[in-house]
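A.B. asks: After the C-alpha cells below, expect a handful of questions from me.
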Amino acid sequence: MSAIRRIDVTLKDHDYAVHVGSGARRLLPAVLKELGVGRVALVSAVPERELPDPGVPFTVVPVADGERHKTLASVESYCRAFVAAGLTRSDAVIACGGGTTTDTVGLAAALYHRGIKVVHLPTTLLAQVDASVGGKTAVNLPEGKNLIGAYWQPSAVLCDTDFLDTLPRRELLSGYGEIARCAFIGAGDLRGLDLTEQIVASVTLKASVVARDERDQGPRHILNYGHTLGHAIERATDYAWRHGEAVAVGTVFAGLLAGRLGRVDQGRVAEHREMVESFGLPTWLPSDVPVTTLVELMRRDKKGQDAEAGLTFVLDGPRGVELVSRVDERLVSSVLADLPSGPAPTTA
C-alpha cells in the first residue's frame with residue numbers, strides 16, 4: 001500500500017479523518033475497531049468483490065447510483081434493510097458509491113434510530129473531492145434538488161483512488177467540475193498537481209471551511225460556488241447533465257455575472273472560462289432549456305432569502321468570494337442569454 005494522506009476535519013462536537021490514496025479502503029477494519037462498531041451494513045453501488053472485509057459481521061445492501069435513486073423511497077428502503085440486518089445505535093453504516101449514494105445513505109444513517117455512525121467509501125472523483133466530506137445529506141423532490149436533508153457528519157472517509165482507475169471518462173470529468181471551481185474559492189490553481197494531490201487539496205479546503213461553519217450560517221456558502229445555476233441545469237435536464245458538468249457551467253456564469261456587477265475585472269472573468277475549458281468541461285447552457293426555466297429553478301435555491309427581491313449567488317469580488325443577494329432577475333437573464341448553448345456533454 002502506498003502512502004495514504006490524512007486530512008483531519010475538526011468540528012465543535014465531532015472530529016473525523018479523511019484518508020486519501022491507493023488502497024485506502026483497506027483501512028476500514030482498523031477504523032471500525034477504533035469506533036467500537038460491532039456490526040455494519042455495507043450499502044454499496046459497486047460489486048461485492050470490490051468491497052473490503054470490514055472485520056466485523058456485515059450485511060451487503062446492493063444499490064444503484066444515480067439521481068433517480070436519490071429519493072425518500074430509497075431512504076426508507078435502506079432503513080428497512082438496516083432493521084433486517086439487526087443494526088442498533090452502536091453499529092454503523094458503510095456508504096460505498098458515488099455522490100448520490102453518499103448523500104442518500106448519509107441521510108438514512110442520520111434518521112435511523114435518530115442517528116447511527118456512517119463511514120463513507122466514495123468511489124467517484126466527485127464524491128471523493130466533495131460529497132463525502134462535510135456532513136450534508138439530502139434527497140431530491142420533483143420540485144428541486146436536495147430539498148430534504150440533514151447535517152450528519154461521517155465518522156470517517158476513505159477515498160481509495162484505485163476506485164477511479166476504471167471510472168468512465170465522463171464521470172471523471174464530472175469530478176473535475178468541482179476541482180475547477182476550487183480555484184476561485186481558496187484552493188488556487190490545482191492543474192499542476194497529480195490526481196491524489198488534487199483530491200487532498202480539495203478536501204483540505206472543504207475541511208477548513210466546514211470547521212469554521214458546519215451548518216451554512218456564513219463562510220460555508222463559498223462551497224456553493226457555481227452551484228446555483230448548476231443545480232438548475234441538473235433539474236431542468238432531468239439530470240441528463242452530470243453534477244460536475246453543470247457546476248462547471250455555473251462557474252463560468254458566476255464569473256460573467258460578477259463581471260457585469262462590476263465586482264471583478266474582465267481578466268478575472270476570462271480566468272473562469274479558461275479554467276473550466278482546460279479540464280475539458282462544458283461552458284455552454286443546455287440548448288433545449290429556456291432561460292426563463294433556469295431563472296425559475298434558481299428562485300428555489302436554498303441560499304435565497306427573498307426571491308421577490310431578486311436572486312442570491314455566491315460571487316467573486318474585491319473582498320473575495322461572498323454571498324450576494326438581491327441580484328436583479330433581468331440582469332441574470334441577460335447574462336444567461338450571453339452564454340452559448342449546446343447539447344449535453346458526451347463521453348467522447
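Convention: chains lettered A, B, ... in C-alpha cells order; per-chain residue numbering from 1; ligands numbered from 1 as shown.
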I need the residues of segment 36-162 of chain A that end up classed as strand (DSSP E) by DSSP on the backbone, written out as number ranges by chain.
C.D. replies: A: 40-44, 58-62, 92-97, 117-122, 136-141, 144-151, 156-160
A.B. asks: Atoms to include: C-alpha atoms. Write the selected residues as a PDB file, in the first residue's frame.
C.D. replies:
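Result saved to result_23.pdb:
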ATOM      1  CA  VAL A  40     -22.267  -2.956   9.793  1.00  0.00           C
ATOM      2  CA  ALA A  41     -24.440  -2.693   6.727  1.00  0.00           C
ATOM      3  CA  LEU A  42     -22.383  -2.174   3.566  1.00  0.00           C
ATOM      4  CA  VAL A  43     -24.648  -0.157   1.280  1.00  0.00           C
ATOM      5  CA  SER A  44     -22.820  -0.472  -1.997  1.00  0.00           C
ATOM      6  CA  PHE A  58     -21.788  -7.405   7.961  1.00  0.00           C
ATOM      7  CA  THR A  59     -24.698  -7.348   5.548  1.00  0.00           C
ATOM      8  CA  VAL A  60     -24.322  -6.109   1.974  1.00  0.00           C
ATOM      9  CA  VAL A  61     -27.162  -3.921   0.694  1.00  0.00           C
ATOM     10  CA  PRO A  62     -26.770  -3.517  -3.088  1.00  0.00           C
ATOM     11  CA  ALA A  92     -22.565   1.563  11.647  1.00  0.00           C
ATOM     12  CA  VAL A  93     -23.465   2.018   8.004  1.00  0.00           C
ATOM     13  CA  ILE A  94     -20.848   1.993   5.247  1.00  0.00           C
ATOM     14  CA  ALA A  95     -21.785   4.030   2.142  1.00  0.00           C
ATOM     15  CA  CYS A  96     -19.834   2.808  -0.880  1.00  0.00           C
ATOM     16  CA  GLY A  97     -20.659   4.575  -4.140  1.00  0.00           C
ATOM     17  CA  LYS A 117     -22.489   6.114  12.583  1.00  0.00           C
ATOM     18  CA  VAL A 118     -21.688   6.289   8.879  1.00  0.00           C
ATOM     19  CA  VAL A 119     -18.357   5.717   7.132  1.00  0.00           C
ATOM     20  CA  HIS A 120     -18.020   6.841   3.523  1.00  0.00           C
ATOM     21  CA  LEU A 121     -16.113   4.920   0.857  1.00  0.00           C
ATOM     22  CA  PRO A 122     -16.628   7.243  -2.128  1.00  0.00           C
ATOM     23  CA  LYS A 136     -24.510  17.428   4.147  1.00  0.00           C
ATOM     24  CA  THR A 137     -27.010  14.691   3.319  1.00  0.00           C
ATOM     25  CA  ALA A 138     -30.109  15.113   1.179  1.00  0.00           C
ATOM     26  CA  VAL A 139     -32.528  13.720  -1.358  1.00  0.00           C
ATOM     27  CA  ASN A 140     -34.410  15.385  -4.188  1.00  0.00           C
ATOM     28  CA  LEU A 141     -38.048  16.266  -4.731  1.00  0.00           C
ATOM     29  CA  GLY A 144     -35.929  20.696  -6.806  1.00  0.00           C
ATOM     30  CA  LYS A 145     -32.578  19.220  -5.810  1.00  0.00           C
ATOM     31  CA  ASN A 146     -31.538  18.461  -2.221  1.00  0.00           C
ATOM     32  CA  LEU A 147     -34.686  19.959  -0.700  1.00  0.00           C
ATOM     33  CA  ILE A 148     -34.967  17.332   2.067  1.00  0.00           C
ATOM     34  CA  GLY A 149     -31.872  16.665   4.116  1.00  0.00           C
ATOM     35  CA  ALA A 150     -29.954  16.856   7.363  1.00  0.00           C
ATOM     36  CA  TYR A 151     -26.467  17.586   8.603  1.00  0.00           C
ATOM     37  CA  ALA A 156     -14.505   8.517   8.754  1.00  0.00           C
ATOM     38  CA  VAL A 157     -13.993   8.866   4.998  1.00  0.00           C
ATOM     39  CA  LEU A 158     -11.804   6.508   2.959  1.00  0.00           C
ATOM     40  CA  CYS A 159     -11.024   7.904  -0.502  1.00  0.00           C
ATOM     41  CA  ASP A 160      -9.409   4.966  -2.297  1.00  0.00           C
TER      42      ASP A 160
END
A.B. asks: I'd like a table as a tab-separated table: residues in segment 175-225 of chain A with an atom no more than 12 Å from segment 21-35 of chain A, each row giving the shortest atom pair and its distance in Å to one decimal, only C-alpha atoms counted, sorted by chain and rising residue number.
C.D. replies:
residue	atom	partner	partner_atom	distance
A:Asp194	CA	A:Gly21	CA	11.6
A:Leu195	CA	A:Gly21	CA	9.7
A:Thr196	CA	A:Gly21	CA	6.4
A:Glu197	CA	A:Gly21	CA	9.2
A:Gln198	CA	A:Gly21	CA	11.3
A:Ile199	CA	A:Gly21	CA	9.2
A:Val200	CA	A:Gly21	CA	9.1
A.B. asks: Keeping N, CA and C atoms for every residue in the selection just given, could you write it to a file as a compact mmCIF listing (two decimals), in the first residue's frame?
C.D. replies:
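This went into out.txt:
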# COMPACT_ATOMS: atom_id res chain seq x y z
N ASP A 194 -0.85 16.07 -9.33
CA ASP A 194 -1.41 14.79 -9.74
C ASP A 194 -2.78 14.61 -9.08
N LEU A 195 -3.50 13.59 -9.49
CA LEU A 195 -4.90 13.46 -9.07
C LEU A 195 -5.03 13.33 -7.56
N THR A 196 -4.17 12.53 -6.93
CA THR A 196 -4.26 12.37 -5.47
C THR A 196 -4.08 13.71 -4.77
N GLU A 197 -3.11 14.51 -5.23
CA GLU A 197 -2.88 15.80 -4.61
C GLU A 197 -4.03 16.77 -4.87
N GLN A 198 -4.67 16.65 -6.03
CA GLN A 198 -5.85 17.48 -6.30
C GLN A 198 -6.98 17.15 -5.33
N ILE A 199 -7.15 15.86 -5.07
CA ILE A 199 -8.18 15.43 -4.11
C ILE A 199 -7.84 15.95 -2.72
N VAL A 200 -6.58 15.79 -2.32
CA VAL A 200 -6.15 16.24 -1.00
C VAL A 200 -6.37 17.74 -0.85
A.B. asks: Considering only C-alpha atoms, can you say which of A:Ser155, A:Leu256, A:Val264, A:Ser174 comes closest to Gly320 of chain A?
C.D. replies: A:Val264
A.B. asks: So what do you get for atom CA of Pro343 of chain A versus atom CA of His243 of chain A, distance-wise?
C.D. replies: 15.3 Å
A.B. asks: I want to know what sits within 8 Å of Leu172 of chain A, based on only C-alpha atoms, with residues of the same chain fewer than 3 positions away left out; could you give that as a short mmCIF file (atom, residue, chain, number, x, y, z; two decimals) with N, CA and C atoms, in the first residue's frame?
C.D. replies:
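Listing of out_9.cif after writing:
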data_model
loop_
_atom_site.label_atom_id
_atom_site.label_comp_id
_atom_site.auth_asym_id
_atom_site.auth_seq_id
_atom_site.Cartn_x
_atom_site.Cartn_y
_atom_site.Cartn_z
N THR A 124 -16.31 7.65 -6.71
CA THR A 124 -16.17 8.54 -7.86
C THR A 124 -15.33 9.75 -7.45
N LEU A 125 -14.76 10.41 -8.43
CA LEU A 125 -13.96 11.60 -8.14
C LEU A 125 -14.83 12.69 -7.52
N LEU A 126 -16.05 12.84 -8.02
CA LEU A 126 -16.96 13.84 -7.48
C LEU A 126 -17.21 13.61 -6.00
N LEU A 164 -10.94 4.95 -8.91
CA LEU A 164 -11.02 5.86 -10.04
C LEU A 164 -10.39 5.31 -11.31
N LEU A 167 -13.09 4.35 -13.69
CA LEU A 167 -14.21 5.28 -13.78
C LEU A 167 -14.38 5.76 -15.23
N PRO A 168 -15.60 5.73 -15.75
CA PRO A 168 -15.82 6.25 -17.11
C PRO A 168 -15.35 7.70 -17.22
N ARG A 169 -14.86 8.06 -18.41
CA ARG A 169 -14.28 9.39 -18.59
C ARG A 169 -15.27 10.50 -18.21
N GLY A 175 -16.17 15.02 -11.76
CA GLY A 175 -15.42 15.37 -10.55
C GLY A 175 -14.53 16.56 -10.75
N TYR A 176 -13.97 16.69 -11.95
CA TYR A 176 -13.12 17.84 -12.23
C TYR A 176 -13.90 19.15 -12.22
#
A.B. asks: Return the single residue from A:Phe313, A:Phe163, A:Trp284, A:Tyr112 that is closest to Ala344 of chain A, with distances computed using only C-alpha atoms.
C.D. replies: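 With only C-alpha atoms as the atom set, the closest residue is A:Trp284.
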